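To be precise, the following lines are input_9.cif, and they hold mmCIF, C-alpha atoms.
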data_query
#
loop_
_atom_site.label_atom_id
_atom_site.label_comp_id
_atom_site.auth_asym_id
_atom_site.auth_seq_id
_atom_site.Cartn_x
_atom_site.Cartn_y
_atom_site.Cartn_z
CA MET Z 1 23.58 -154.80 333.96
CA LYS Z 2 23.64 -151.11 333.08
CA VAL Z 3 20.41 -149.12 333.12
CA ILE Z 4 19.42 -145.50 332.60
CA GLU Z 5 17.78 -144.24 335.78
CA ILE Z 6 15.78 -141.23 336.96
CA PRO Z 7 16.99 -140.78 340.58
CA GLU Z 8 15.43 -137.29 340.74
CA PHE Z 9 13.31 -135.37 338.24
CA GLY Z 10 15.26 -133.41 335.64
CA VAL Z 11 17.15 -134.26 332.45
CA ALA Z 12 20.44 -133.30 334.12
CA LYS Z 13 19.79 -135.88 336.86
CA LEU Z 14 19.64 -138.87 334.48
CA ALA Z 15 22.33 -141.42 335.28
CA VAL Z 16 23.68 -144.72 333.96
CA VAL Z 17 23.86 -147.10 336.92
CA GLU Z 18 24.27 -150.81 337.69
CA ARG Z 19 21.37 -153.05 338.70
CA PRO Z 20 21.19 -156.84 339.14
CA ASP Z 21 20.37 -158.83 335.99
CA PRO Z 22 16.69 -159.84 335.92
CA GLN Z 23 15.70 -163.50 335.56
CA PRO Z 24 12.64 -164.68 333.59
CA GLY Z 25 9.89 -166.22 335.66
CA PRO Z 26 7.05 -168.46 334.42
CA GLY Z 27 5.63 -167.08 331.17
CA GLN Z 28 8.37 -164.46 330.94
CA VAL Z 29 11.01 -163.70 328.35
CA LEU Z 30 14.46 -162.22 329.05
CA VAL Z 31 15.34 -159.68 326.36
CA ARG Z 32 18.66 -158.00 325.64
CA VAL Z 33 17.61 -154.48 324.65
CA TRP Z 34 19.52 -153.11 321.68
CA ALA Z 35 17.64 -149.86 321.03
CA VAL Z 36 15.04 -147.58 322.63
CA SER Z 37 13.23 -144.51 321.31
CA LEU Z 38 12.06 -141.30 322.95
CA ASN Z 39 8.50 -140.01 323.15
CA PHE Z 40 7.25 -136.66 324.43
CA ARG Z 41 5.68 -138.61 327.30
CA ASP Z 42 9.16 -139.78 328.30
CA LEU Z 43 10.46 -136.21 328.35
CA MET Z 44 7.53 -135.15 330.55
CA THR Z 45 8.19 -138.15 332.83
CA VAL Z 46 11.86 -137.25 333.24
CA GLN Z 47 10.92 -133.64 333.98
CA GLY Z 48 8.30 -134.67 336.55
CA GLN Z 49 5.44 -133.19 334.52
CA TYR Z 50 3.71 -136.40 333.43
CA ASN Z 51 3.16 -137.77 336.93
CA PRO Z 52 4.66 -135.62 339.71
CA ARG Z 53 3.87 -138.46 342.16
CA GLN Z 54 5.82 -141.05 340.15
CA LYS Z 55 7.89 -143.24 342.47
CA LEU Z 56 11.64 -142.89 341.95
CA PRO Z 57 14.15 -144.18 341.04
CA LEU Z 58 12.62 -145.23 337.71
CA ILE Z 59 14.02 -146.78 334.54
CA PRO Z 60 12.44 -144.59 331.84
CA LEU Z 61 11.36 -145.09 328.21
CA SER Z 62 8.40 -147.19 327.12
CA ASP Z 63 9.66 -148.14 323.65
CA GLY Z 64 12.40 -150.66 323.02
CA ALA Z 65 13.46 -153.60 320.87
CA GLY Z 66 15.97 -156.37 321.31
CA GLU Z 67 16.82 -160.05 321.17
CA VAL Z 68 15.53 -162.93 323.30
CA VAL Z 69 18.24 -164.29 325.61
CA SER Z 70 16.25 -166.94 327.44
CA VAL Z 71 12.67 -167.88 328.31
CA GLY Z 72 10.98 -168.94 331.52
CA PRO Z 73 8.79 -172.02 332.08
CA GLY Z 74 5.68 -172.23 329.92
CA VAL Z 75 6.74 -169.74 327.23
CA ARG Z 76 5.45 -170.76 323.80
CA ARG Z 77 5.65 -167.64 321.63
CA PHE Z 78 9.42 -167.05 321.60
CA LYS Z 79 12.80 -168.75 321.73
CA PRO Z 80 16.37 -167.50 322.25
CA GLY Z 81 17.59 -165.46 319.28
CA ASP Z 82 14.17 -164.11 318.29
CA ARG Z 83 13.99 -160.37 317.58
CA VAL Z 84 11.22 -158.72 319.59
CA VAL Z 85 9.67 -155.36 320.38
CA ALA Z 86 7.74 -154.56 323.58
CA ILE Z 87 4.16 -153.31 323.58
CA PHE Z 88 3.45 -150.06 325.42
CA ALA Z 89 0.85 -151.28 327.95
CA GLN Z 90 1.91 -154.78 328.89
CA LYS Z 91 -1.55 -155.97 329.96
CA TRP Z 92 -3.56 -154.29 327.16
CA LEU Z 93 -3.98 -157.08 324.66
CA GLY Z 94 -7.25 -156.06 322.97
CA GLY Z 95 -10.45 -154.07 323.28
CA ASP Z 96 -10.78 -150.87 325.28
CA ALA Z 97 -8.19 -150.02 327.91
CA THR Z 98 -9.02 -151.00 331.48
CA PRO Z 99 -7.53 -149.36 334.57
CA ALA Z 100 -5.26 -152.39 334.94
CA ALA Z 101 -4.10 -152.07 331.35
CA ARG Z 102 -3.42 -148.35 331.74
CA GLY Z 103 -1.42 -149.10 334.86
CA SER Z 104 0.83 -151.57 333.00
CA THR Z 105 2.58 -149.02 330.80
CA LEU Z 106 6.36 -149.22 330.60
CA GLY Z 107 8.52 -146.27 331.63
CA GLY Z 108 6.01 -145.18 334.26
CA PRO Z 109 4.46 -146.24 336.49
CA GLY Z 110 6.65 -149.37 336.09
CA ASP Z 111 10.26 -149.55 334.96
CA GLY Z 112 10.81 -149.09 331.24
CA MET Z 113 13.08 -150.33 328.48
CA ALA Z 114 16.21 -148.23 329.10
CA ALA Z 115 18.13 -151.24 330.42
CA GLU Z 116 20.52 -153.78 328.96
CA LEU Z 117 18.16 -156.60 330.02
CA VAL Z 118 14.41 -156.72 330.73
CA ALA Z 119 12.15 -159.61 331.74
CA LEU Z 120 8.62 -159.26 330.32
CA ASP Z 121 5.57 -161.49 329.93
CA GLU Z 122 5.52 -163.15 326.51
CA ASP Z 123 2.16 -161.49 325.76
CA GLY Z 124 3.90 -158.12 326.12
CA LEU Z 125 6.22 -158.76 323.18
CA LEU Z 126 5.81 -159.00 319.41
CA PRO Z 127 8.12 -160.24 316.64
CA ILE Z 128 9.90 -157.46 314.75
CA PRO Z 129 9.00 -157.17 311.02
CA GLU Z 130 11.87 -158.83 309.16
CA HIS Z 131 12.90 -155.77 307.12
CA LEU Z 132 13.32 -153.50 310.17
CA SER Z 133 16.43 -152.97 312.29
CA PHE Z 134 16.36 -152.88 316.10
CA GLU Z 135 16.58 -149.08 315.89
CA GLN Z 136 13.60 -148.88 313.53
CA ALA Z 137 11.54 -151.36 315.55
CA ALA Z 138 12.15 -149.36 318.74
CA THR Z 139 10.11 -146.48 317.24
CA LEU Z 140 6.93 -148.53 316.83
CA PRO Z 141 5.22 -149.09 320.22
CA CYS Z 142 3.95 -145.57 320.99
CA ALA Z 143 4.30 -143.36 317.92
CA GLY Z 144 3.55 -146.09 315.40
CA VAL Z 145 0.55 -147.62 317.17
CA THR Z 146 -0.84 -144.18 318.07
CA ALA Z 147 -0.73 -143.10 314.42
CA TRP Z 148 -2.25 -146.41 313.31
CA ASN Z 149 -5.08 -146.05 315.83
CA ALA Z 150 -5.68 -142.45 314.78
CA VAL Z 151 -5.58 -142.84 311.00
CA VAL Z 152 -6.76 -146.40 310.37
CA VAL Z 153 -8.90 -147.39 313.37
CA GLN Z 154 -10.53 -144.09 314.36
CA GLY Z 155 -10.10 -142.12 311.13
CA GLN Z 156 -10.99 -145.11 308.92
CA VAL Z 157 -8.99 -143.46 306.15
CA LYS Z 158 -9.77 -144.69 302.65
CA PRO Z 159 -8.56 -143.97 299.11
CA GLY Z 160 -9.34 -140.40 298.08
CA ASP Z 161 -9.54 -139.03 301.63
CA THR Z 162 -7.43 -136.06 302.68
CA VAL Z 163 -5.55 -136.21 305.98
CA LEU Z 164 -3.93 -133.25 307.73
CA ALA Z 165 -0.98 -134.13 309.97
CA LEU Z 166 0.41 -131.44 312.25
CA GLY Z 167 4.19 -131.23 312.48
CA THR Z 168 6.92 -133.66 311.54
CA GLY Z 169 7.44 -135.62 314.76
CA GLY Z 170 7.22 -139.39 315.02
CA VAL Z 171 3.42 -139.72 315.20
CA SER Z 172 2.80 -137.29 312.34
CA LEU Z 173 5.28 -138.99 310.01
CA PHE Z 174 3.84 -142.42 310.79
CA ALA Z 175 0.39 -140.94 310.08
CA LEU Z 176 1.71 -139.68 306.75
CA GLN Z 177 3.06 -143.11 305.84
CA PHE Z 178 -0.09 -145.00 306.90
CA ALA Z 179 -2.42 -142.54 305.15
CA LYS Z 180 -0.44 -142.77 301.91
CA ALA Z 181 -0.43 -146.56 302.11
CA ALA Z 182 -4.24 -146.39 302.37
CA GLY Z 183 -4.48 -144.23 299.24
CA ALA Z 184 -5.18 -140.89 300.90
CA LYS Z 185 -3.83 -137.43 300.17
CA VAL Z 186 -1.80 -135.86 302.97
CA ILE Z 187 -1.21 -132.24 303.97
CA ILE Z 188 1.52 -131.71 306.55
CA THR Z 189 2.56 -128.65 308.54
CA SER Z 190 5.92 -127.44 309.83
CA SER Z 191 7.74 -124.23 310.66
CA SER Z 192 10.60 -125.38 308.42
CA ASP Z 193 10.58 -125.42 304.63
CA GLU Z 194 13.41 -127.95 304.75
CA LYS Z 195 11.29 -130.32 306.84
CA LEU Z 196 8.32 -129.81 304.50
CA ALA Z 197 10.54 -130.77 301.56
CA ARG Z 198 11.59 -133.94 303.39
CA ALA Z 199 7.95 -134.74 304.16
CA LYS Z 200 7.06 -134.35 300.49
CA ALA Z 201 9.87 -136.76 299.63
CA LEU Z 202 8.11 -139.27 301.92
CA GLY Z 203 4.87 -138.79 299.98
CA ALA Z 204 3.14 -135.72 301.43
CA ASP Z 205 1.03 -134.04 298.74
CA HIS Z 206 1.17 -130.54 300.23
CA GLY Z 207 3.07 -128.71 302.94
CA VAL Z 208 2.07 -125.60 304.89
CA ASN Z 209 4.63 -123.54 306.79
CA TYR Z 210 2.79 -122.27 309.87
CA ALA Z 211 5.61 -119.83 310.67
CA SER Z 212 5.25 -117.96 307.39
CA GLU Z 213 1.48 -118.64 307.24
CA PRO Z 214 0.13 -118.17 310.80
CA ASP Z 215 -3.41 -118.68 309.48
CA TRP Z 216 -2.46 -122.14 308.29
CA ASP Z 217 -6.04 -123.35 308.55
CA LYS Z 218 -6.97 -120.96 305.74
CA ALA Z 219 -4.13 -122.40 303.64
CA VAL Z 220 -5.47 -125.91 304.30
CA LEU Z 221 -8.96 -124.86 303.25
CA ALA Z 222 -7.54 -123.32 300.06
CA LEU Z 223 -5.81 -126.63 299.26
CA THR Z 224 -9.15 -128.46 299.59
CA ASP Z 225 -11.29 -126.02 297.60
CA LYS Z 226 -12.68 -124.76 300.92
CA ALA Z 227 -14.18 -128.18 301.69
CA GLY Z 228 -11.76 -129.05 304.50
CA VAL Z 229 -9.94 -132.30 305.24
CA ASP Z 230 -11.49 -135.63 306.15
CA GLN Z 231 -9.24 -136.10 309.15
CA VAL Z 232 -6.87 -134.04 311.29
CA VAL Z 233 -4.13 -135.78 313.27
CA GLU Z 234 -4.02 -133.24 316.11
CA VAL Z 235 -0.82 -133.32 318.17
CA GLY Z 236 -0.72 -129.70 319.32
CA GLY Z 237 -3.58 -129.60 321.78
CA ALA Z 238 -5.01 -126.34 323.06
CA GLY Z 239 -2.73 -124.18 320.93
CA THR Z 240 -3.87 -125.68 317.63
CA ILE Z 241 -7.30 -127.26 318.16
CA GLY Z 242 -9.21 -124.18 316.97
CA LYS Z 243 -7.46 -124.12 313.61
CA SER Z 244 -7.78 -127.90 313.34
CA ILE Z 245 -11.55 -127.58 313.78
CA ASN Z 246 -11.62 -124.92 311.07
CA SER Z 247 -9.54 -127.16 308.77
CA ALA Z 248 -11.89 -130.13 308.99
CA ARG Z 249 -14.73 -130.80 306.56
CA MET Z 250 -18.37 -131.18 307.52
CA GLY Z 251 -18.65 -134.50 309.33
CA GLY Z 252 -14.86 -134.84 309.56
CA THR Z 253 -12.78 -136.47 312.29
CA ILE Z 254 -10.16 -134.93 314.56
CA THR Z 255 -8.03 -137.44 316.43
CA ILE Z 256 -6.48 -135.73 319.45
CA ILE Z 257 -3.11 -137.21 320.33
CA GLY Z 258 -0.87 -134.69 322.05
CA VAL Z 259 -0.57 -131.40 323.88
CA LEU Z 260 2.64 -130.06 322.36
CA ALA Z 261 1.14 -126.57 322.09
CA GLY Z 262 -0.59 -126.54 325.48
CA ASN Z 263 -3.34 -128.38 327.33
CA ALA Z 264 -5.71 -125.69 328.60
CA SER Z 265 -7.85 -123.20 326.70
CA GLU Z 266 -11.36 -121.98 326.12
CA MET Z 267 -12.69 -123.68 323.01
CA ASP Z 268 -15.61 -122.50 320.91
CA LEU Z 269 -17.77 -125.61 320.50
CA ARG Z 270 -20.15 -124.07 317.98
CA PRO Z 271 -18.11 -125.10 314.90
CA VAL Z 272 -17.91 -128.65 316.29
CA LEU Z 273 -21.70 -128.76 316.48
CA MET Z 274 -22.39 -126.91 313.23
CA LYS Z 275 -19.96 -129.06 311.24
CA GLY Z 276 -20.92 -132.31 312.97
CA LEU Z 277 -17.31 -133.07 313.79
CA ARG Z 278 -16.08 -136.14 315.60
CA LEU Z 279 -13.35 -135.47 318.17
CA HIS Z 280 -11.65 -138.62 319.43
CA GLY Z 281 -8.83 -138.88 321.95
CA VAL Z 282 -6.20 -141.50 321.17
CA PHE Z 283 -4.10 -143.23 323.84
CA VAL Z 284 -1.76 -145.53 321.88
CA GLY Z 285 -3.52 -148.91 321.44
CA PRO Z 286 -3.53 -152.60 322.43
CA ARG Z 287 -1.46 -155.53 321.24
CA GLU Z 288 -4.02 -156.46 318.56
CA MET Z 289 -3.61 -153.03 316.91
CA PHE Z 290 0.17 -153.40 317.04
CA GLU Z 291 -0.13 -156.76 315.27
CA ALA Z 292 -2.37 -155.29 312.55
CA MET Z 293 0.02 -152.37 312.09
CA ASN Z 294 2.99 -154.70 311.74
CA ARG Z 295 1.18 -156.63 309.01
CA ALA Z 296 0.65 -153.38 307.11
CA ILE Z 297 4.26 -152.31 307.68
CA THR Z 298 5.43 -155.62 306.24
CA THR Z 299 3.02 -155.56 303.30
CA HIS Z 300 3.89 -152.00 302.29
CA HIS Z 301 7.55 -152.25 303.34
CA ILE Z 302 7.20 -149.11 305.46
CA GLU Z 303 10.37 -147.92 307.18
CA PRO Z 304 10.11 -145.65 310.24
CA VAL Z 305 11.79 -142.26 309.96
CA ILE Z 306 14.69 -141.83 312.40
CA ASP Z 307 16.05 -138.36 312.99
CA ARG Z 308 19.16 -139.28 314.95
CA VAL Z 309 20.65 -142.17 316.93
CA PHE Z 310 22.40 -141.43 320.25
CA GLU Z 311 24.53 -143.70 322.41
CA ARG Z 312 23.46 -144.67 325.92
CA ALA Z 313 25.93 -142.35 327.62
CA ASP Z 314 24.43 -139.42 325.70
CA ILE Z 315 20.85 -139.91 326.97
CA GLY Z 316 20.77 -136.36 328.36
CA ALA Z 317 21.72 -134.93 324.96
CA ALA Z 318 19.01 -137.05 323.35
CA PHE Z 319 16.34 -135.54 325.60
CA GLU Z 320 17.71 -132.04 325.06
CA HIS Z 321 17.49 -132.63 321.30
CA MET Z 322 13.82 -133.59 321.74
CA ALA Z 323 13.10 -130.60 323.96
CA ALA Z 324 14.56 -128.27 321.31
CA GLY Z 325 11.98 -129.56 318.82
CA ARG Z 326 14.35 -129.67 315.87
CA HIS Z 327 13.95 -133.38 315.15
CA PHE Z 328 12.32 -134.86 312.05
CA GLY Z 329 10.88 -138.24 312.99
CA LYS Z 330 12.03 -140.35 315.92
CA ILE Z 331 15.00 -140.03 318.28
CA VAL Z 332 16.65 -143.36 319.09
CA VAL Z 333 19.18 -144.41 321.73
CA ARG Z 334 21.38 -147.52 321.43
CA MET Z 335 21.53 -149.46 324.68
#

Just dump the structure as structure tokens.
Amino acid sequence: MKVIEIPEFGVAKLAVVERPDPQPGPGQVLVRVWAVSLNFRDLMTVQGQYNPRQKLPLIPLSDGAGEVVSVGPGVRRFKPGDRVVAIFAQKWLGGDATPAARGSTLGGPGDGMAAELVALDEDGLLPIPEHLSFEQAATLPCAGVTAWNAVVVQGQVKPGDTVLALGTGGVSLFALQFAKAAGAKVIITSSSDEKLARAKALGADHGVNYASEPDWDKAVLALTDKAGVDQVVEVGGAGTIGKSINSARMGGTITIIGVLAGNASEMDLRPVLMKGLRLHGVFVGPREMFEAMNRAITTHHIEPVIDRVFERADIGAAFEHMAAGRHFGKIVVRM
């Protein structure tokens, strides 16, 4: 079978190589992977920034969807022909993450989904919602579940709430879709008026261009009559956390997801204390959250936003497209 491999760190080093076809063991399912999607974590992994001690060669990418080819002894959940999507941490089925669960993530430390065939435990797979394509389903495991955890589980968004989502990447657009499905108002930020217009077409109530309005937190406060938002979906990290704190209402929640704008800074904790804010880090989520999210996706007929679909041979260009930061939604690669 053909796989995408990291023989050495660096996007330019990515290669399509041959490996032996895997065979499903007891409790395992052999899946033909049709599509995978890229996350910022994958880019950092390829560049050697996520885990510089990662053992190589590695098959990257944690998120993928495909079709069951065959099943091993004892499998009860799936049969050949079923459409399935892999969960991010293969041994995280419910509850809080354990060290073992955190060590079972695909695309590092173990091989990922960028292969024509993968053999995974049946508990590490879920059926794809019927209305979604393989390409759409491949966007769900990290970005979708992370947004669901942030907005629904941690943020406990409800009708009438106001949610601020930073940027127009995969997590932020999923957060927009889940918040709107829950009856909330959504403010979204971008440096592009064109992207803000597209976000409004998806249901965003307001858009703030942080390039033309560097003090975007003041614009957010103005949109909420100076009260602040109920929840901030914070993907920037150190570079944006101060303004996110200022944008939140008294007693509001900030779910911290990414470090796109840096991961080290001195932070003034006084506003956190004075406003009684709740800061909660989000690391994707377990199988049970994925199942709940899929039920909501089916009920509300939510369709993931795909920016562009690349072919397997163009994996380097796909990562370069992500690194440039021009995408709106998820970047997908056909396997």

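Applied to the shown file, the PyMOL selection byres ((chain Z and resi 160) around 6) selects the residues Pro159, Asp161 and Ala184 of chain Z.
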
Please determine, counting all atoms listed in the file, which residue among Z:Val3, Z:Leu38, Z:Val11, Z:Leu223 has the shortest atom-to-atom distance to Gly169 in chain Z. Z:Leu38

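Taking CA of Thr45 in chain Z and CA of Ala89 in chain Z as the two end points, the separation is 15.8 Å.
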
With distances taken over all atoms listed in the file, which of Z:Lys218, Z:Lys158, Z:Arg287, Z:Lys91 is nearest to Lys243 in chain Z? Z:Lys218

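Of note, CA of Gly27 in chain Z and CA of Val69 in chain Z are spaced 14.1 Å apart.
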
So the first atom is CA of Glu8 in chain Z and the second is CA of Gln54 in chain Z; what is the distance between them in Å, to one decimal place? 10.3 Å

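Closest approach to Asn39 in chain Z among Z:Ile257, Z:Pro52, Z:Ala143, Z:Glu234 is made by Z:Ala143 (distances from all atoms listed in the file).
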
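With distances restricted to only C-alpha atoms, Z:Leu140 is the closest residue to Gly170 in chain Z from Z:Leu140, Z:Leu56, Z:Leu196, Z:Val16.
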
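Each of Z:Ala35, Z:Ile187, Z:Ala179, Z:Ile6 was checked against Val229 in chain Z using all atoms listed in the file; the smallest atom-to-atom distance is that of Z:Ile187.
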
What's around Ala137 in chain Z at 8 Å? Count all atoms listed in the file, leave out sequence neighbours fewer than 5 positions away in its own chain, and write the answer as a ChimeraX atom specification. /Z:64-65,85,128-129,132,304
